[in-house]
Amino acid sequence: MPPLQCAVRIRPRLERDPKSGTDTATDGQTKVFVSGYSPFTFSQTFGPDATQQAVYNHCAGPQVAAVLQGLDACVFAFGQTGAGKTYSMLGPEGGHTMTQDGLLPLAAANIFRAVVMEGPSCHYRLSVTYIEIHREGVFDLLSTSSERARLAVRETDAQGAFAEGATCLRIRSVAALLRAVAEGSARRHTAKTGVHEHSSRSHALLSLTFEKRWRTGKVDGGHHMCCRTSTLRLVDLAGSEGLAAWRGGNDKSSADGIATNLGLHVLGRCITALAANDVHVPYRDSVLTRLLKPALCGSCQTMMLVCIAPAEDDAAESVRVLRYATDAQKLIGCP
């Protein structure tokens, strides 16, 4: 598989940030600088003035092109709470409003644009599932039921691991997709923590499945119908901060932190094992890694967008995130 690539985005300073100085910067190309540490190198870095379109062009544009060619692709957003992960993925208000600004809206617009350019010779179907992983339980964000029942995680040779019973919506327009995502995002688990007033306490996995059907030349007197299916996964990981930062809320926040850190920890172990070409990769040690196994192996084209905050008070966490991403770049294959 192609190497997992990592890009870094430093968000602008916000009014809620500590009044300390700025400790993290980028050269706008491949280097990230944190005072007191050696520079970190990634495939691309974006400073506070970077536009959503610029981030999309590097972090999701190639993945969309791959999906249109029949390959699977994935984009992770990783970093501490409040660093801009959900903003980058879904746009302002974290997907709670219908906006054209964010990796998902831009990706959907380009997919539908490609469909129109193909003309009537091909038939297309675009569908979406949207789930969250909260305390190692899987919940359907597209379900309109008043009861938040856990979904079972099943596994088959053909499908791999999947959330059984997750709502799958057929999407016929960008507006319909954004409406579904806005409604789903409003159902995510949130809580007050020591980092953010309304922090997402779950990992969110959005899967866009793109199916293309077309006719080839005549075979045995008739036309042969071909079908090709590919999936674009957009993963908004919960905050990477240590347990101490979660304790600004309550005991429930601390329990959320333990469960969230489990998924991120196992994801790191899987990446380390893959980078070392180990025979055993611990996918089954967390729900997150079971469901994301296709994004880490095979021919999937995967990008990790690392989001960090610029303030001096956030420097220690930023370094931890940057080191995690540096290790992720070593992923070179899948046994």
# chains A, B, ... in the order shown; residues from 1 in each chain; ligands from 1

$ residues_around --residues "Arg213 (chain A)" --least-positions-apart "2" --cutoff "9 Å" --atoms "only C-alpha atoms" --output "list in words"
Cys122, His123, Tyr124, Arg125, Glu211, Arg215, Met225, Cys226, Cys227, Arg228 and Thr229 of chain A

$ write_last_selection --atoms "N, CA and C atoms" --output "compact mmCIF listing (two decimals), in the first residue's frame"
# COMPACT_ATOMS: atom_id res chain seq x y z
N CYS A 122 -23.02 6.12 -17.77
CA CYS A 122 -22.78 5.36 -16.54
C CYS A 122 -23.88 5.67 -15.52
N HIS A 123 -24.11 4.72 -14.65
CA HIS A 123 -25.07 4.90 -13.57
C HIS A 123 -24.31 4.91 -12.25
N TYR A 124 -24.70 5.84 -11.36
CA TYR A 124 -23.98 6.01 -10.10
C TYR A 124 -24.94 5.92 -8.92
N ARG A 125 -24.37 5.48 -7.81
CA ARG A 125 -25.12 5.47 -6.55
C ARG A 125 -24.15 5.88 -5.44
N GLU A 211 -20.71 3.85 -5.94
CA GLU A 211 -20.90 2.69 -6.83
C GLU A 211 -21.10 3.17 -8.26
N ARG A 215 -21.98 -0.22 -19.02
CA ARG A 215 -22.06 -1.33 -19.96
C ARG A 215 -20.79 -1.38 -20.81
N MET A 225 -22.72 -5.87 -18.08
CA MET A 225 -22.77 -4.78 -17.11
C MET A 225 -21.63 -4.92 -16.10
N CYS A 226 -20.85 -3.87 -15.94
CA CYS A 226 -19.76 -3.86 -14.97
C CYS A 226 -20.14 -3.00 -13.76
N CYS A 227 -19.61 -3.35 -12.62
CA CYS A 227 -19.89 -2.61 -11.39
C CYS A 227 -18.60 -2.44 -10.59
N ARG A 228 -18.39 -1.24 -10.07
CA ARG A 228 -17.20 -0.96 -9.27
C ARG A 228 -17.62 -0.15 -8.05
N THR A 229 -17.16 -0.58 -6.88
CA THR A 229 -17.54 0.09 -5.63
C THR A 229 -16.30 0.52 -4.87

$ select_by_dssp --residues "region 141-179 of chain A" --states "strand (DSSP E)" --output "list in words"
Val153, Arg154, Glu155, Thr156, Gly160, Ala161, Phe162, Ala163, Leu169, Arg170 and Ile171 of chain A

$ residues_around --residues "region 157-171 of chain A" --least-positions-apart "4" --cutoff "9 Å" --atoms "only C-alpha atoms" --output "PyMOL selection string"
chain A and resi 125-131+138-143+151-153+176-177+180+290-294

$ write_last_selection --atoms "N, CA and C atoms" --output "compact mmCIF listing (two decimals), in the first residue's frame"
# COMPACT_ATOMS: atom_id res chain seq x y z
N ARG A 125 -24.37 5.48 -7.81
CA ARG A 125 -25.12 5.47 -6.55
C ARG A 125 -24.15 5.88 -5.44
N LEU A 126 -24.54 6.88 -4.66
CA LEU A 126 -23.74 7.35 -3.54
C LEU A 126 -24.54 7.16 -2.27
N SER A 127 -23.95 6.48 -1.29
CA SER A 127 -24.65 6.25 -0.02
C SER A 127 -23.72 6.59 1.13
N VAL A 128 -24.31 6.87 2.30
CA VAL A 128 -23.54 7.30 3.45
C VAL A 128 -23.98 6.56 4.70
N THR A 129 -23.02 6.21 5.54
CA THR A 129 -23.27 5.78 6.91
C THR A 129 -22.47 6.71 7.82
N TYR A 130 -22.98 6.92 9.03
CA TYR A 130 -22.33 7.86 9.96
C TYR A 130 -22.52 7.30 11.36
N ILE A 131 -21.44 6.84 11.96
CA ILE A 131 -21.50 6.23 13.28
C ILE A 131 -20.51 6.90 14.22
N VAL A 138 -20.75 1.29 19.70
CA VAL A 138 -20.98 1.89 18.39
C VAL A 138 -22.43 2.35 18.32
N PHE A 139 -22.65 3.61 17.90
CA PHE A 139 -23.98 4.19 17.83
C PHE A 139 -24.21 4.81 16.45
N ASP A 140 -25.44 4.72 16.00
CA ASP A 140 -25.83 5.18 14.67
C ASP A 140 -26.22 6.65 14.73
N LEU A 141 -25.45 7.52 14.11
CA LEU A 141 -25.75 8.96 14.13
C LEU A 141 -26.83 9.35 13.14
N LEU A 142 -27.17 8.46 12.21
CA LEU A 142 -28.21 8.77 11.23
C LEU A 142 -29.57 8.21 11.64
N SER A 143 -29.62 7.46 12.72
CA SER A 143 -30.89 6.90 13.18
C SER A 143 -31.77 7.98 13.77
N LEU A 151 -24.90 -0.72 18.45
CA LEU A 151 -24.84 -1.59 17.29
C LEU A 151 -23.77 -2.65 17.52
N ALA A 152 -24.06 -3.85 17.09
CA ALA A 152 -23.08 -4.92 17.19
C ALA A 152 -22.05 -4.78 16.07
N VAL A 153 -20.81 -5.10 16.37
CA VAL A 153 -19.75 -5.11 15.35
C VAL A 153 -19.58 -6.55 14.87
N ALA A 176 -28.39 17.24 0.34
CA ALA A 176 -28.97 16.14 1.11
C ALA A 176 -27.93 15.51 2.03
N LEU A 177 -26.70 15.39 1.56
CA LEU A 177 -25.63 14.84 2.39
C LEU A 177 -25.35 15.75 3.58
N ALA A 180 -28.03 15.50 6.22
CA ALA A 180 -27.93 14.28 7.02
C ALA A 180 -26.78 14.36 8.02
N ARG A 290 -10.72 -2.14 14.90
CA ARG A 290 -11.42 -3.18 14.13
C ARG A 290 -12.10 -2.57 12.91
N LEU A 291 -12.78 -1.44 13.13
CA LEU A 291 -13.52 -0.82 12.03
C LEU A 291 -12.61 -0.10 11.04
N LEU A 292 -11.44 0.32 11.51
CA LEU A 292 -10.54 1.08 10.63
C LEU A 292 -9.46 0.21 9.97
N LYS A 293 -9.51 -1.07 10.19
CA LYS A 293 -8.50 -1.95 9.58
C LYS A 293 -8.36 -1.72 8.08
N PRO A 294 -9.47 -1.56 7.30
CA PRO A 294 -9.30 -1.35 5.85
C PRO A 294 -8.52 -0.09 5.50

$ closest_residue --among "A:Met89, A:Leu106, A:Val319, A:Val116" --to "Ala77 (chain A)" --atoms "only C-alpha atoms"
A:Met89

$ closest_residue --among "A:Ser299, A:Leu205, A:Ala73, A:Leu331" --to "Cys270 (chain A)" --atoms "only C-alpha atoms"
A:Leu331

$ select_by_dssp --residues "region 74-142 of chain A" --states "helix (DSSP H, G or I)" --output "JSON list (two decimals) with all heavy atoms, in the first residue's frame"
[["chain", "number", "residue", "atom", "x", "y", "z"],
["A", 85, "LYS", "N", -10.09, 19.93, 14.48],
["A", 85, "LYS", "CA", -10.34, 18.70, 13.72],
["A", 85, "LYS", "C", -11.71, 18.72, 13.04],
["A", 85, "LYS", "O", -11.82, 18.53, 11.82],
["A", 85, "LYS", "CB", -10.25, 17.48, 14.64],
["A", 85, "LYS", "CG", -8.93, 17.29, 15.34],
["A", 85, "LYS", "CD", -8.88, 16.02, 16.15],
["A", 85, "LYS", "CE", -9.98, 15.92, 17.19],
["A", 85, "LYS", "NZ", -9.85, 16.96, 18.25],
["A", 86, "THR", "N", -12.75, 18.93, 13.83],
["A", 86, "THR", "CA", -14.11, 18.89, 13.28],
["A", 86, "THR", "C", -14.33, 20.05, 12.33],
["A", 86, "THR", "O", -15.00, 19.91, 11.30],
["A", 86, "THR", "CB", -15.14, 18.91, 14.42],
["A", 86, "THR", "OG1", -14.87, 17.83, 15.31],
["A", 86, "THR", "CG2", -16.55, 18.75, 13.88],
["A", 87, "TYR", "N", -13.76, 21.20, 12.64],
["A", 87, "TYR", "CA", -13.86, 22.35, 11.73],
["A", 87, "TYR", "C", -13.25, 22.00, 10.38],
["A", 87, "TYR", "O", -13.82, 22.30, 9.32],
["A", 87, "TYR", "CB", -13.14, 23.56, 12.33],
["A", 87, "TYR", "CG", -13.04, 24.73, 11.39],
["A", 87, "TYR", "CD1", -14.07, 25.67, 11.31],
["A", 87, "TYR", "CD2", -11.94, 24.90, 10.56],
["A", 87, "TYR", "CE1", -14.00, 26.75, 10.43],
["A", 87, "TYR", "CE2", -11.86, 25.96, 9.68],
["A", 87, "TYR", "CZ", -12.88, 26.88, 9.61],
["A", 87, "TYR", "OH", -12.80, 27.93, 8.74],
["A", 88, "SER", "N", -12.09, 21.37, 10.39],
["A", 88, "SER", "CA", -11.44, 21.02, 9.13],
["A", 88, "SER", "C", -12.25, 19.99, 8.34],
["A", 88, "SER", "O", -12.38, 20.09, 7.12],
["A", 88, "SER", "CB", -10.03, 20.46, 9.40],
["A", 88, "SER", "OG", -9.20, 21.44, 9.96],
["A", 89, "MET", "N", -12.82, 19.02, 9.04],
["A", 89, "MET", "CA", -13.53, 17.94, 8.36],
["A", 89, "MET", "C", -14.90, 18.38, 7.86],
["A", 89, "MET", "O", -15.29, 18.07, 6.73],
["A", 89, "MET", "CB", -13.69, 16.75, 9.30],
["A", 89, "MET", "CG", -12.37, 16.10, 9.68],
["A", 89, "MET", "SD", -11.56, 15.28, 8.28],
["A", 89, "MET", "CE", -12.11, 13.61, 8.50],
["A", 90, "LEU", "N", -15.64, 19.08, 8.72],
["A", 90, "LEU", "CA", -17.06, 19.36, 8.41],
["A", 90, "LEU", "C", -17.38, 20.83, 8.20],
["A", 90, "LEU", "O", -18.47, 21.16, 7.73],
["A", 90, "LEU", "CB", -17.94, 18.82, 9.54],
["A", 90, "LEU", "CG", -17.82, 17.32, 9.83],
["A", 90, "LEU", "CD1", -18.76, 16.93, 10.97],
["A", 90, "LEU", "CD2", -18.12, 16.49, 8.59],
["A", 92, "PRO", "N", -17.49, 25.10, 9.56],
["A", 92, "PRO", "CA", -17.90, 25.85, 10.75],
["A", 92, "PRO", "C", -19.05, 25.16, 11.48],
["A", 92, "PRO", "O", -19.88, 24.50, 10.88],
["A", 92, "PRO", "CB", -18.35, 27.20, 10.17],
["A", 92, "PRO", "CG", -17.61, 27.32, 8.89],
["A", 92, "PRO", "CD", -17.50, 25.92, 8.34],
["A", 93, "GLU", "N", -19.08, 25.33, 12.78],
["A", 93, "GLU", "CA", -20.10, 24.74, 13.64],
["A", 93, "GLU", "C", -20.03, 23.22, 13.68],
["A", 93, "GLU", "O", -20.98, 22.55, 14.07],
["A", 93, "GLU", "CB", -21.51, 25.18, 13.22],
["A", 93, "GLU", "CG", -21.72, 26.68, 13.17],
["A", 93, "GLU", "CD", -21.44, 27.34, 14.52],
["A", 93, "GLU", "OE1", -21.77, 26.73, 15.55],
["A", 93, "GLU", "OE2", -20.88, 28.44, 14.53],
["A", 94, "GLY", "N", -18.92, 22.64, 13.23],
["A", 94, "GLY", "CA", -18.71, 21.20, 13.35],
["A", 94, "GLY", "C", -19.73, 20.34, 12.65],
["A", 94, "GLY", "O", -20.05, 19.25, 13.10],
["A", 95, "GLY", "N", -20.26, 20.83, 11.53],
["A", 95, "GLY", "CA", -21.24, 20.05, 10.79],
["A", 95, "GLY", "C", -22.66, 20.25, 11.25],
["A", 95, "GLY", "O", -23.59, 19.65, 10.69],
["A", 103, "LEU", "N", -13.72, 19.62, 4.48],
["A", 103, "LEU", "CA", -13.28, 18.53, 3.61],
["A", 103, "LEU", "C", -14.44, 17.71, 3.07],
["A", 103, "LEU", "O", -14.47, 17.35, 1.90],
["A", 103, "LEU", "CB", -12.30, 17.63, 4.35],
["A", 103, "LEU", "CG", -10.99, 18.25, 4.85],
["A", 103, "LEU", "CD1", -10.04, 17.16, 5.33],
["A", 103, "LEU", "CD2", -10.33, 19.09, 3.77],
["A", 104, "LEU", "N", -15.42, 17.40, 3.94],
["A", 104, "LEU", "CA", -16.56, 16.61, 3.47],
["A", 104, "LEU", "C", -17.39, 17.34, 2.41],
["A", 104, "LEU", "O", -17.65, 16.77, 1.34],
["A", 104, "LEU", "CB", -17.44, 16.20, 4.65],
["A", 104, "LEU", "CG", -18.77, 15.54, 4.25],
["A", 104, "LEU", "CD1", -18.52, 14.23, 3.52],
["A", 104, "LEU", "CD2", -19.66, 15.34, 5.46],
["A", 105, "PRO", "N", -17.84, 18.58, 2.66],
["A", 105, "PRO", "CA", -18.61, 19.26, 1.62],
["A", 105, "PRO", "C", -17.85, 19.42, 0.30],
["A", 105, "PRO", "O", -18.42, 19.24, -0.78],
["A", 105, "PRO", "CB", -18.92, 20.63, 2.25],
["A", 105, "PRO", "CG", -18.83, 20.40, 3.70],
["A", 105, "PRO", "CD", -17.75, 19.38, 3.89],
["A", 106, "LEU", "N", -16.58, 19.73, 0.38],
["A", 106, "LEU", "CA", -15.79, 19.90, -0.84],
["A", 106, "LEU", "C", -15.63, 18.56, -1.57],
["A", 106, "LEU", "O", -15.69, 18.49, -2.80],
["A", 106, "LEU", "CB", -14.43, 20.50, -0.50],
["A", 106, "LEU", "CG", -14.45, 21.96, -0.02],
["A", 106, "LEU", "CD1", -13.09, 22.37, 0.52],
["A", 106, "LEU", "CD2", -14.88, 22.90, -1.14],
["A", 107, "ALA", "N", -15.43, 17.49, -0.81],
["A", 107, "ALA", "CA", -15.30, 16.16, -1.42],
["A", 107, "ALA", "C", -16.59, 15.76, -2.11],
["A", 107, "ALA", "O", -16.59, 15.27, -3.25],
["A", 107, "ALA", "CB", -14.93, 15.13, -0.36],
["A", 108, "ALA", "N", -17.72, 15.96, -1.43],
["A", 108, "ALA", "CA", -19.01, 15.60, -2.01],
["A", 108, "ALA", "C", -19.29, 16.40, -3.28],
["A", 108, "ALA", "O", -19.77, 15.86, -4.28],
["A", 108, "ALA", "CB", -20.12, 15.82, -0.99],
["A", 109, "ALA", "N", -18.97, 17.69, -3.23],
["A", 109, "ALA", "CA", -19.19, 18.53, -4.42],
["A", 109, "ALA", "C", -18.37, 18.04, -5.60],
["A", 109, "ALA", "O", -18.86, 17.99, -6.74],
["A", 109, "ALA", "CB", -18.84, 19.98, -4.09],
["A", 110, "ASN", "N", -17.13, 17.65, -5.36],
["A", 110, "ASN", "CA", -16.29, 17.16, -6.45],
["A", 110, "ASN", "C", -16.75, 15.81, -6.98],
["A", 110, "ASN", "O", -16.64, 15.53, -8.18],
["A", 110, "ASN", "CB", -14.83, 17.08, -5.99],
["A", 110, "ASN", "CG", -14.16, 18.44, -5.97],
["A", 110, "ASN", "OD1", -14.60, 19.37, -6.64],
["A", 110, "ASN", "ND2", -13.12, 18.59, -5.18],
["A", 111, "ILE", "N", -17.27, 14.96, -6.10],
["A", 111, "ILE", "CA", -17.79, 13.67, -6.56],
["A", 111, "ILE", "C", -19.00, 13.87, -7.45],
["A", 111, "ILE", "O", -19.10, 13.29, -8.54],
["A", 111, "ILE", "CB", -18.14, 12.78, -5.35],
["A", 111, "ILE", "CG1", -16.86, 12.30, -4.66],
["A", 111, "ILE", "CG2", -18.99, 11.57, -5.79],
["A", 111, "ILE", "CD1", -17.10, 11.55, -3.36],
["A", 112, "PHE", "N", -19.93, 14.71, -7.03],
["A", 112, "PHE", "CA", -21.12, 14.95, -7.85],
["A", 112, "PHE", "C", -20.76, 15.67, -9.15],
["A", 112, "PHE", "O", -21.37, 15.43, -10.20],
["A", 112, "PHE", "CB", -22.17, 15.74, -7.07],
["A", 112, "PHE", "CG", -23.00, 14.89, -6.16],
["A", 112, "PHE", "CD1", -22.76, 14.86, -4.79],
["A", 112, "PHE", "CD2", -24.01, 14.09, -6.67],
["A", 112, "PHE", "CE1", -23.52, 14.07, -3.95],
["A", 112, "PHE", "CE2", -24.77, 13.28, -5.83],
["A", 112, "PHE", "CZ", -24.53, 13.27, -4.47],
["A", 113, "ARG", "N", -19.75, 16.52, -9.10],
["A", 113, "ARG", "CA", -19.31, 17.20, -10.32],
["A", 113, "ARG", "C", -18.75, 16.18, -11.32],
["A", 113, "ARG", "O", -19.01, 16.26, -12.52],
["A", 113, "ARG", "CB", -18.25, 18.24, -9.96],
["A", 113, "ARG", "CG", -17.88, 19.18, -11.12],
["A", 113, "ARG", "CD", -16.91, 20.25, -10.65],
["A", 113, "ARG", "NE", -17.50, 21.09, -9.61],
["A", 113, "ARG", "CZ", -17.04, 21.19, -8.38],
["A", 113, "ARG", "NH1", -15.97, 20.49, -8.01],
["A", 113, "ARG", "NH2", -17.63, 21.97, -7.51],
["A", 114, "ALA", "N", -18.01, 15.21, -10.81],
["A", 114, "ALA", "CA", -17.46, 14.17, -11.68],
["A", 114, "ALA", "C", -18.56, 13.32, -12.29],
["A", 114, "ALA", "O", -18.47, 12.90, -13.45],
["A", 114, "ALA", "CB", -16.50, 13.29, -10.88],
["A", 115, "VAL", "N", -19.60, 13.05, -11.52],
["A", 115, "VAL", "CA", -20.73, 12.27, -12.03],
["A", 115, "VAL", "C", -21.41, 13.00, -13.19],
["A", 115, "VAL", "O", -21.74, 12.39, -14.21],
["A", 115, "VAL", "CB", -21.73, 12.00, -10.89],
["A", 115, "VAL", "CG1", -23.05, 11.46, -11.45],
["A", 115, "VAL", "CG2", -21.15, 11.03, -9.88],
["A", 116, "VAL", "N", -21.61, 14.29, -13.03],
["A", 116, "VAL", "CA", -22.26, 15.08, -14.09],
["A", 116, "VAL", "C", -21.41, 15.07, -15.35],
["A", 116, "VAL", "O", -21.92, 14.95, -16.47],
["A", 116, "VAL", "CB", -22.50, 16.53, -13.60],
["A", 116, "VAL", "CG1", -22.96, 17.41, -14.77],
["A", 116, "VAL", "CG2", -23.54, 16.54, -12.49],
["A", 117, "MET", "N", -20.10, 15.17, -15.19],
["A", 117, "MET", "CA", -19.21, 15.21, -16.35],
["A", 117, "MET", "C", -19.17, 13.88, -17.10],
["A", 117, "MET", "O", -18.93, 13.83, -18.30],
["A", 117, "MET", "CB", -17.80, 15.60, -15.90],
["A", 117, "MET", "CG", -17.69, 17.03, -15.41],
["A", 117, "MET", "SD", -16.03, 17.44, -14.80],
["A", 117, "MET", "CE", -15.07, 17.26, -16.30],
["A", 118, "GLU", "N", -19.44, 12.76, -16.41],
["A", 118, "GLU", "CA", -19.45, 11.46, -17.06],
["A", 118, "GLU", "C", -20.60, 11.32, -18.04],
["A", 118, "GLU", "O", -20.51, 10.59, -19.02],
["A", 118, "GLU", "CB", -19.55, 10.35, -16.00],
["A", 118, "GLU", "CG", -18.25, 10.06, -15.28],
["A", 118, "GLU", "CD", -17.35, 9.12, -16.05],
["A", 118, "GLU", "OE1", -17.71, 8.72, -17.17],
["A", 118, "GLU", "OE2", -16.27, 8.79, -15.53]]

$ residues_around --residues "region 45-51 of chain A" --least-positions-apart "6" --cutoff "9 Å" --atoms "only C-alpha atoms" --output "list of chain:residue names"
A:Cys6, A:Ala7, A:Val8, A:Arg9, A:Ile10, A:Arg11, A:Pro12, A:Arg13, A:Ala25, A:Thr26, A:Asp27, A:Gly28, A:Gln29, A:Thr30, A:Lys31, A:Val32, A:Pro310

$ residues_around --residues "Pro282 (chain A)" --least-positions-apart "5" --cutoff "12 Å" --atoms "only C-alpha atoms" --output "list in words"
Gly263, His265, Val266, Leu267, Gly268, Arg269, Cys270, Ile271, Thr272, Ala273, Leu274, Val287, Leu288, Thr289, Arg290, Leu292, Lys293 and Pro335 of chain A
